[in-house]
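J.: Before I ask anything, here is the structure I am working with.
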Amino acid sequence: MIRFENVSVRYEEDAEPTLRNVNLTVPEGELVLLVGPSGVGKSTLLGAVSGLVPHFTGGTLTGRVTVDGRDTRTHPPRELADLVGTVGQDPSAHFVTDTVEDELAYGMESLGLAPGVMRRRVEETLDLLGLAELRDRPIATLSGGQRQRVAIGSVLTPHPKVLVLDEPTSALDPSAAEDVLAVLQRLVHDLGTTVLLAEHRLERVVQYADQVLLLPDAVMGPPAEIMSVSPVHPPVVALGRLAGWDPLPLTVRDARRRAGELKAHLEGRFPNPAPPAFEARGSGGGAPGFGKGRDRGLSLFLRRRTRPTAPTTPTTPLANVTALGVRRGRVEALRRVDLQVAPGETVALMGRNGAGKSTLLSTLVGMIEPTAGTVRIAGLAPHSTAPRELIRQVGLVPQEPRDLLYADTVAAECAAADADAGATPGTCRALVEELLPGVADDTHPRDLSEGQRLALALAVVLTGRPPLLLLDEPTRGLDYAAKSRLVAHLRTLAADGHAIVLATHDVELAAELAHRVVIIADGEVVADGPTAEVVVSSPAFSPQVAKILAPQPWLTVEQVEAAL
Amino acid sequence: MSSASASASTGGTATAGGTASAGGTTPTPDVASASAGGTVTSSRRRGMFASSARGLFAAPEASRANALHAGAWWLWALGLAVAASRTTNPLLLGLLVGVAGYVVAARRTDAPWARSYGAFVKLGLFVVALRVVFSLLLGSPIPGEHELFTLPEVPLPDWAQGVRIGGRVTAEQLVFALYDGAKLATLLICVGAANALANPARLLKSLPGALYEVGVAVVVAMTFAPNMVADVVRLRTARRLRGRPTGGVRAVLQIGLPVLEGALERSIAVAASMDARGYGRTARVPASVRRTTNVLTLGGLLGVAAGSYGLLAAEGAGYGLPLLGAGLLAAMAGLRLGGRRTVRTRYRPDHWGARACLVAGSGVAVAVLMIWANAYAPEALHPGVVPLEAPELPLWPALSVLVGLVPAFVAPKPKEMV
């Protein structure tokens, strides 16, 4: 169905090619998952299938790409529109019309299908994706998961033979992601659609894949085979590799069947480093457990690391939120929210898209004024504190880190950050050097990768040395390597006594980092407790290792590895 | 988020456009008959008649299937605007604004484009204020006797004769400026009403095929304004995170570049998506057809240009009209032929039904009646400024303005918000 013959893509004359001599054949009706670290050309490969590379993006493509016998060299994207449906990373950038129903019909209108056929297919697609309730809604009013489903629906209606998706579940909460993936599986099974998708969150998708394509080497094979050699892999695979299971299990279910021996072996042992929650509640830092040499990133921080010698006595919480209510127009975004965060504590906010996580974070930094209740950060009310004063108390890395970056070079950005925070010149630059070694001064922030940009924004925020650090959805678009670097940085910060609050959909991240998990639903706190307890009690938020080894209290592969 | 205003009920959509006036054959819509059921009061026979009549004529709940043609709303609003341009009577203008506002309040949905009405009203008020301020500062040719006060006058050199800054301010001149500003404001508010009531994208569906793609480009471009405003708000609040003040000119200047970059990136992403979804696919047409299209369109446009020149110029009124007509015909034929190149079809275009006729007709009627009123009651429509007179509300023109309320009763009613 899709055939790449000796394909190379380079965007600039003298630059390294993004793809090099890729040869592959994707048979009809397969769901192929594209894996690989950031920047190996996953998006480029996807773009080459739909013809957007190079027709739209520029650059030179050598070799030949054919889709169902059509050569992309002679067929621009619009001539492939009836054959290939493409959804990019950001569904909002995908929409041409303004209501759901029109959006579903847009592609068919361009292809000139008969009105009767269009009507029938729109109705079918509304049912297939569970969008019937939303058909007349303006797209601007939809949530992230709904938008993603509309975007997929809008490319499904012309009945393409090939569906190309770039990170379809990154921005979604776990259950919305499962909805989308269930739809994809149904397409593959019922309609024989060929699906090619790239995704960083492998724990969500790898079990659905028929084949896995590993970049940059462009090796394709059955998922178990590829996962056993892949540098990026979900926790279930990591556990399987650790335990030496063969064939490698890809689903929690398969792994659980094999886990009897491992569980027996682990019986009587306890996670060490102990689940941070058990020791850190209110005490002031989960540092003692982290000297085990598991964190490669640690060495970078030796200079600044002040190891708390004795657990400090429970102090007044750094952030104190009581009975907080926030209204936006007629929508109550938050209702009677209580939250305390102690120094050195890491708290994960979880909950579905639109539950109010970002609103809570914005309230903590004073971007939103509370309509009821009080918010105190180190005794200050954030919304009425001068910004210059506030950044020494609390810092937020927003969902889109580039919102924080105004300057056109890294050096200028750092200088500005020093000036803003009143820090000694060079403070920010030194932080960047720690978080992001080897970035040149004159790099434009926009040329950085997603993970690098996050690190730069983090450095900018940390320049003010705020005791309370907030992160909104920090792992979106990060590969496993970038994510583990981030985890290492954040652990060091927590060990330094920073309190960290992160809003995330990434259950694995929460399991690795958080001492405490707070689940928000519909603007209210529905669960608040130690990570191990909260996460294990709700299947949607529990990490893979916890599901496999339940009822034993293991959350991460790292803990298991340390115990063995 | 509450459910959408106009969620489709695929079932009871009996009175879709054309069937509304088709006598007793139309099945009674469930909603209307249910509500009418409770109102049967007097004699049984009359009650039954009333219920079926109300069932037929009461406005149905809006859904995609019975959506009013966007063109009908625009015609209605333009009709009101024409009427507004024909009078300076503030009472009549106020009545026009009231009529437009009532219809908007009764029939607008909760969609984002429907919220623009408030902005237009504010713009209207701003225009009035601006007009008055200019009149205060620059004076006015209106002679007046009721001097209110005198502003210090800026001495200007000889060559600027006829221009005055400051000076005498008379009541007449202020009233004139007020009337004039009110007229402009009413025009703006009428346009705002059309904007709030009709989805701009739906209007596109009625464009000839050859123009559709240009239209899509225009609409996509227009959606960038709200997106950019959202970006500005987001980035300004984000400045707080850097410890910088969020207000002030400096804030806006510093985020200018990031906002523009964001808009550019988004437009490229949308363009890529549109390309990948078949935007701009063309059918192969014979070269002869292509050439004919070009000749017809270009020739037609030339004809239109020459014809309108002929009409406007002092001489040549004789050839102006026929040339204009021929040019229009040729251009339309060219567009039609050009439409053959596009392969696109239309998904559920809005139908022009009886309700659309009523809505558009009411607007046209207001315009026509007002023009006619200019013939029979010119003084009442243009209350005197010199000498000052209190404006009166003339009966018949006022009644004719009220015709514009028809849409508030016949247009499909948006679903109640929860």
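Chain labels follow the order of the structure tokens: the first chain is A, the next B, and so on; residue numbering restarts at 1 in every chain, and ligands are counted from 1 in their shown order.
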What are the closest atom pairs, with distances in Å to one decimal, for each residue of chain A lying within 6 Å of chain B, using only C-alpha atoms, rows by chain and rising residue number, as CSV?
T.:
residue,atom,partner,partner_atom,distance
A:Pro77,CA,B:Ala276,CA,4.9
A:Arg78,CA,B:Gly278,CA,4.1
A:Ala81,CA,B:Gly278,CA,5.0
A:Ala93,CA,B:Val270,CA,5.3
A:His94,CA,B:Ser273,CA,5.4
A:Gly107,CA,B:Arg277,CA,5.3
A:Glu109,CA,B:Thr345,CA,4.9
A:Ser110,CA,B:Arg344,CA,4.7
A:Leu111,CA,B:Arg344,CA,5.9
A:Gly112,CA,B:Arg344,CA,4.1
A:Pro115,CA,B:Tyr347,CA,5.8
A:Asp136,CA,B:Ser7,CA,5.2
A:Arg137,CA,B:Ala4,CA,5.2
A:Pro387,CA,B:Gly243,CA,4.3
A:Arg388,CA,B:Gly243,CA,4.2
A:Ile391,CA,B:Gly243,CA,5.6
A:Asp403,CA,B:Leu235,CA,5.9
A:Asp420,CA,B:Gly243,CA,6.0
J.: Here is a test: counting only C-alpha atoms, which residue of A:Lys263, A:His444, A:Arg336, A:Arg485 is nearest to Ala546 (chain A)?
T.: A:Lys263
J.: Applying 10 Å and only C-alpha atoms, which residues near Ser542 (chain A) remain after dropping the ones on its own chain fewer than 6 positions away? List them as a PDB file with all heavy atoms, in the first residue's frame.
T.:
ATOM      1  N   ASP A 506       0.156  12.103  32.113  1.00  0.00           N
ATOM      2  CA  ASP A 506       1.102  11.016  31.963  1.00  0.00           C
ATOM      3  C   ASP A 506       1.214  10.247  33.278  1.00  0.00           C
ATOM      4  O   ASP A 506       1.879  10.680  34.208  1.00  0.00           O
ATOM      5  CB  ASP A 506       2.451  11.628  31.554  1.00  0.00           C
ATOM      6  CG  ASP A 506       3.443  10.570  31.154  1.00  0.00           C
ATOM      7  OD1 ASP A 506       3.270   9.420  31.592  1.00  0.00           O
ATOM      8  OD2 ASP A 506       4.379  10.893  30.418  1.00  0.00           O
ATOM      9  N   VAL A 507       0.541   9.114  33.343  1.00  0.00           N
ATOM     10  CA  VAL A 507       0.508   8.380  34.606  1.00  0.00           C
ATOM     11  C   VAL A 507       1.889   7.863  34.985  1.00  0.00           C
ATOM     12  O   VAL A 507       2.240   7.779  36.157  1.00  0.00           O
ATOM     13  CB  VAL A 507      -0.494   7.209  34.564  1.00  0.00           C
ATOM     14  CG1 VAL A 507      -1.889   7.732  34.451  1.00  0.00           C
ATOM     15  CG2 VAL A 507      -0.199   6.264  33.432  1.00  0.00           C
ATOM     16  N   GLU A 508       2.697   7.531  33.984  1.00  0.00           N
ATOM     17  CA  GLU A 508       4.028   7.002  34.281  1.00  0.00           C
ATOM     18  C   GLU A 508       4.890   8.094  34.924  1.00  0.00           C
ATOM     19  O   GLU A 508       5.654   7.835  35.847  1.00  0.00           O
ATOM     20  CB  GLU A 508       4.701   6.477  33.008  1.00  0.00           C
ATOM     21  CG  GLU A 508       3.882   5.464  32.224  1.00  0.00           C
ATOM     22  CD  GLU A 508       3.636   4.176  33.001  1.00  0.00           C
ATOM     23  OE1 GLU A 508       4.411   3.885  33.932  1.00  0.00           O
ATOM     24  OE2 GLU A 508       2.648   3.483  32.682  1.00  0.00           O
ATOM     25  N   ALA A 510       3.784  10.638  36.683  1.00  0.00           N
ATOM     26  CA  ALA A 510       3.295  10.850  38.043  1.00  0.00           C
ATOM     27  C   ALA A 510       3.836   9.769  38.962  1.00  0.00           C
ATOM     28  O   ALA A 510       4.266  10.045  40.081  1.00  0.00           O
ATOM     29  CB  ALA A 510       1.775  10.852  38.049  1.00  0.00           C
ATOM     30  N   ALA A 511       3.855   8.530  38.471  1.00  0.00           N
ATOM     31  CA  ALA A 511       4.337   7.433  39.303  1.00  0.00           C
ATOM     32  C   ALA A 511       5.812   7.611  39.632  1.00  0.00           C
ATOM     33  O   ALA A 511       6.268   7.288  40.719  1.00  0.00           O
ATOM     34  CB  ALA A 511       4.115   6.105  38.584  1.00  0.00           C
ATOM     35  N   THR A 531       0.900   8.847  46.234  1.00  0.00           N
ATOM     36  CA  THR A 531       0.822   8.337  44.878  1.00  0.00           C
ATOM     37  C   THR A 531       0.409   6.873  44.841  1.00  0.00           C
ATOM     38  O   THR A 531      -0.521   6.504  44.116  1.00  0.00           O
ATOM     39  CB  THR A 531       2.190   8.495  44.205  1.00  0.00           C
ATOM     40  OG1 THR A 531       2.582   9.847  44.324  1.00  0.00           O
ATOM     41  CG2 THR A 531       2.122   8.103  42.752  1.00  0.00           C
ATOM     42  N   ALA A 532       1.090   6.059  45.622  1.00  0.00           N
ATOM     43  CA  ALA A 532       0.842   4.619  45.529  1.00  0.00           C
ATOM     44  C   ALA A 532      -0.609   4.292  45.808  1.00  0.00           C
ATOM     45  O   ALA A 532      -1.218   3.495  45.109  1.00  0.00           O
ATOM     46  CB  ALA A 532       1.752   3.879  46.499  1.00  0.00           C
ATOM     47  N   GLU A 533      -1.167   4.951  46.784  1.00  0.00           N
ATOM     48  CA  GLU A 533      -2.554   4.635  47.138  1.00  0.00           C
ATOM     49  C   GLU A 533      -3.537   5.118  46.089  1.00  0.00           C
ATOM     50  O   GLU A 533      -4.400   4.387  45.627  1.00  0.00           O
ATOM     51  CB  GLU A 533      -2.910   5.276  48.487  1.00  0.00           C
ATOM     52  CG  GLU A 533      -2.311   4.549  49.661  1.00  0.00           C
ATOM     53  CD  GLU A 533      -2.483   5.339  50.941  1.00  0.00           C
ATOM     54  OE1 GLU A 533      -3.446   6.131  51.038  1.00  0.00           O
ATOM     55  OE2 GLU A 533      -1.639   5.184  51.843  1.00  0.00           O
ATOM     56  N   VAL A 534      -3.394   6.393  45.692  1.00  0.00           N
ATOM     57  CA  VAL A 534      -4.377   6.976  44.768  1.00  0.00           C
ATOM     58  C   VAL A 534      -4.317   6.287  43.418  1.00  0.00           C
ATOM     59  O   VAL A 534      -5.326   5.889  42.842  1.00  0.00           O
ATOM     60  CB  VAL A 534      -4.121   8.482  44.603  1.00  0.00           C
ATOM     61  CG1 VAL A 534      -5.017   9.052  43.520  1.00  0.00           C
ATOM     62  CG2 VAL A 534      -4.345   9.198  45.910  1.00  0.00           C
ATOM     63  N   VAL A 535      -3.086   6.114  42.955  1.00  0.00           N
ATOM     64  CA  VAL A 535      -2.902   5.638  41.605  1.00  0.00           C
ATOM     65  C   VAL A 535      -3.345   4.180  41.463  1.00  0.00           C
ATOM     66  O   VAL A 535      -3.958   3.787  40.480  1.00  0.00           O
ATOM     67  CB  VAL A 535      -1.412   5.865  41.279  1.00  0.00           C
ATOM     68  CG1 VAL A 535      -0.811   4.711  40.581  1.00  0.00           C
ATOM     69  CG2 VAL A 535      -1.244   7.163  40.542  1.00  0.00           C
ATOM     70  N   VAL A 536      -3.082   3.380  42.464  1.00  0.00           N
ATOM     71  CA  VAL A 536      -3.418   1.972  42.363  1.00  0.00           C
ATOM     72  C   VAL A 536      -4.925   1.773  42.470  1.00  0.00           C
ATOM     73  O   VAL A 536      -5.494   0.867  41.881  1.00  0.00           O
ATOM     74  CB  VAL A 536      -2.660   1.182  43.449  1.00  0.00           C
ATOM     75  CG1 VAL A 536      -3.174  -0.240  43.552  1.00  0.00           C
ATOM     76  CG2 VAL A 536      -1.189   1.193  43.129  1.00  0.00           C
ATOM     77  N   LEU A 555       5.556   0.750  41.603  1.00  0.00           N
ATOM     78  CA  LEU A 555       5.016   1.715  40.647  1.00  0.00           C
ATOM     79  C   LEU A 555       5.869   1.835  39.393  1.00  0.00           C
ATOM     80  O   LEU A 555       5.357   2.079  38.313  1.00  0.00           O
ATOM     81  CB  LEU A 555       4.910   3.101  41.293  1.00  0.00           C
ATOM     82  CG  LEU A 555       3.920   3.250  42.436  1.00  0.00           C
ATOM     83  CD1 LEU A 555       3.911   4.673  42.925  1.00  0.00           C
ATOM     84  CD2 LEU A 555       2.530   2.829  42.010  1.00  0.00           C
TER      85      LEU A 555
END
J.: Please indicate the distance in Å from CA of Ala176 (chain A) to CA of Gly240 (chain A), rounded to one decimal place.
T.: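 It comes out at 26.9 Å.
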J.: Write down as a list in words the residues of region 38-277 of chain B whose backbone DSSP state falls under strand (DSSP E).
T.: Glu147, Leu148, Phe149, Thr150, Leu151, Pro152, Glu153, Val154, Ile165, Gly166, Gly167, Arg168, Val169 and Thr170 of chain B
J.: Mind checking which residues fall within 8 Å of Ile371 (chain B), counting only C-alpha atoms, ignoring those fewer than 4 positions away in the same chain, and posting them as a list of chain:residue names?
T.: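 In the requested format, the answer is B:Ala83, B:Arg86, B:Ala367, B:Ala375.
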J.: For the residues in that selection, give me all heavy atoms as a PDB file, in the first residue's frame.
T.:
ATOM      1  N   ALA B  83     -32.812  51.648   5.096  1.00  0.00           N
ATOM      2  CA  ALA B  83     -33.807  52.493   5.744  1.00  0.00           C
ATOM      3  C   ALA B  83     -33.127  53.512   6.653  1.00  0.00           C
ATOM      4  O   ALA B  83     -33.491  54.690   6.687  1.00  0.00           O
ATOM      5  CB  ALA B  83     -34.783  51.629   6.539  1.00  0.00           C
ATOM      6  N   ARG B  86     -31.747  56.561   5.119  1.00  0.00           N
ATOM      7  CA  ARG B  86     -32.705  57.500   4.517  1.00  0.00           C
ATOM      8  C   ARG B  86     -33.318  58.447   5.525  1.00  0.00           C
ATOM      9  O   ARG B  86     -34.239  59.162   5.212  1.00  0.00           O
ATOM     10  CB  ARG B  86     -33.831  56.716   3.835  1.00  0.00           C
ATOM     11  CG  ARG B  86     -33.387  55.888   2.684  1.00  0.00           C
ATOM     12  CD  ARG B  86     -33.113  56.773   1.508  1.00  0.00           C
ATOM     13  NE  ARG B  86     -32.031  56.202   0.713  1.00  0.00           N
ATOM     14  CZ  ARG B  86     -31.693  56.650  -0.473  1.00  0.00           C
ATOM     15  NH1 ARG B  86     -32.323  57.683  -0.995  1.00  0.00           N
ATOM     16  NH2 ARG B  86     -30.700  56.087  -1.130  1.00  0.00           N
ATOM     17  N   ALA B 367     -36.979  48.886   3.786  1.00  0.00           N
ATOM     18  CA  ALA B 367     -36.217  49.812   2.955  1.00  0.00           C
ATOM     19  C   ALA B 367     -37.139  50.552   1.997  1.00  0.00           C
ATOM     20  O   ALA B 367     -37.102  51.782   1.884  1.00  0.00           O
ATOM     21  CB  ALA B 367     -35.141  49.048   2.193  1.00  0.00           C
ATOM     22  N   ALA B 375     -40.772  60.415   0.266  1.00  0.00           N
ATOM     23  CA  ALA B 375     -41.559  61.178  -0.693  1.00  0.00           C
ATOM     24  C   ALA B 375     -42.733  61.868  -0.005  1.00  0.00           C
ATOM     25  O   ALA B 375     -43.029  63.022  -0.276  1.00  0.00           O
ATOM     26  CB  ALA B 375     -42.063  60.250  -1.800  1.00  0.00           C
TER      27      ALA B 375
END
J.: Name all residues at most 7 Å from Arg108 (chain B) (count only C-alpha atoms; drop same-chain ones fewer than 3 positions away) and give them as an MDAnalysis selection string.
T.: chainID B and resid 104:105 114 196:197 414
J.: Okay, now the selection with C-alpha atoms, as a compact mmCIF listing (two decimals), in the first residue's frame?
T.:
# COMPACT_ATOMS: atom_id res chain seq x y z
CA VAL B 104 -30.84 39.43 17.55
CA ALA B 105 -31.89 38.78 21.11
CA ALA B 114 -22.99 35.44 17.37
CA ALA B 196 -24.54 37.74 14.72
CA LEU B 197 -27.44 35.98 13.07
CA PRO B 414 -32.56 28.46 18.53
J.: Pick the closest to His233 (chain A) from A:Val35, A:Ala415, A:Leu128, A:Ala494: which is it, counting only C-alpha atoms?
T.: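 Result for the nearest residue to His233 (chain A): A:Val35.
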J.: What are the closest atom pairs, with distances in Å to one decimal, for all residues of region 38-102 of chain A lying within 10 Å of region 193-214 of chain A? Consider only C-alpha atoms, order rows by chain and residue number, and present the result as a tab-separated table.
T.:
residue	atom	partner	partner_atom	distance
A:Ser38	CA	A:His200	CA	8.6
A:Val40	CA	A:Leu214	CA	9.8
A:Lys42	CA	A:Ala198	CA	6.6
A:Ser43	CA	A:Ala198	CA	7.6
A:Leu45	CA	A:Ala198	CA	9.6
A:Leu46	CA	A:Leu196	CA	7.6
A:Val49	CA	A:Leu196	CA	9.3
A:Val84	CA	A:Thr194	CA	9.4
A:Gly85	CA	A:Val195	CA	9.5
A:Thr86	CA	A:Leu196	CA	9.7
A:Val87	CA	A:Leu197	CA	9.7
A:Gln89	CA	A:Ala198	CA	9.7
J.: Between A:Leu490, A:Val545, A:Leu502, A:Leu471, which is the closest to Glu561 (chain A) once you count only C-alpha atoms?
T.: A:Val545
J.: My list of candidates is A:Ala430, A:Leu478, A:Ala348, A:Leu469. Which is closest to Ala171 (chain A) when distances are computed with only C-alpha atoms?
T.: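 Result for the nearest residue to Ala171 (chain A): A:Leu478.
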J.: If I take CA of Val97 (chain B) and CA of Pro383 (chain B), how far is one from the other in Å, to one decimal?
T.: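 Taking CA of Val97 (chain B) as the start and CA of Pro383 (chain B) as the end point, the length is 18.3 Å.
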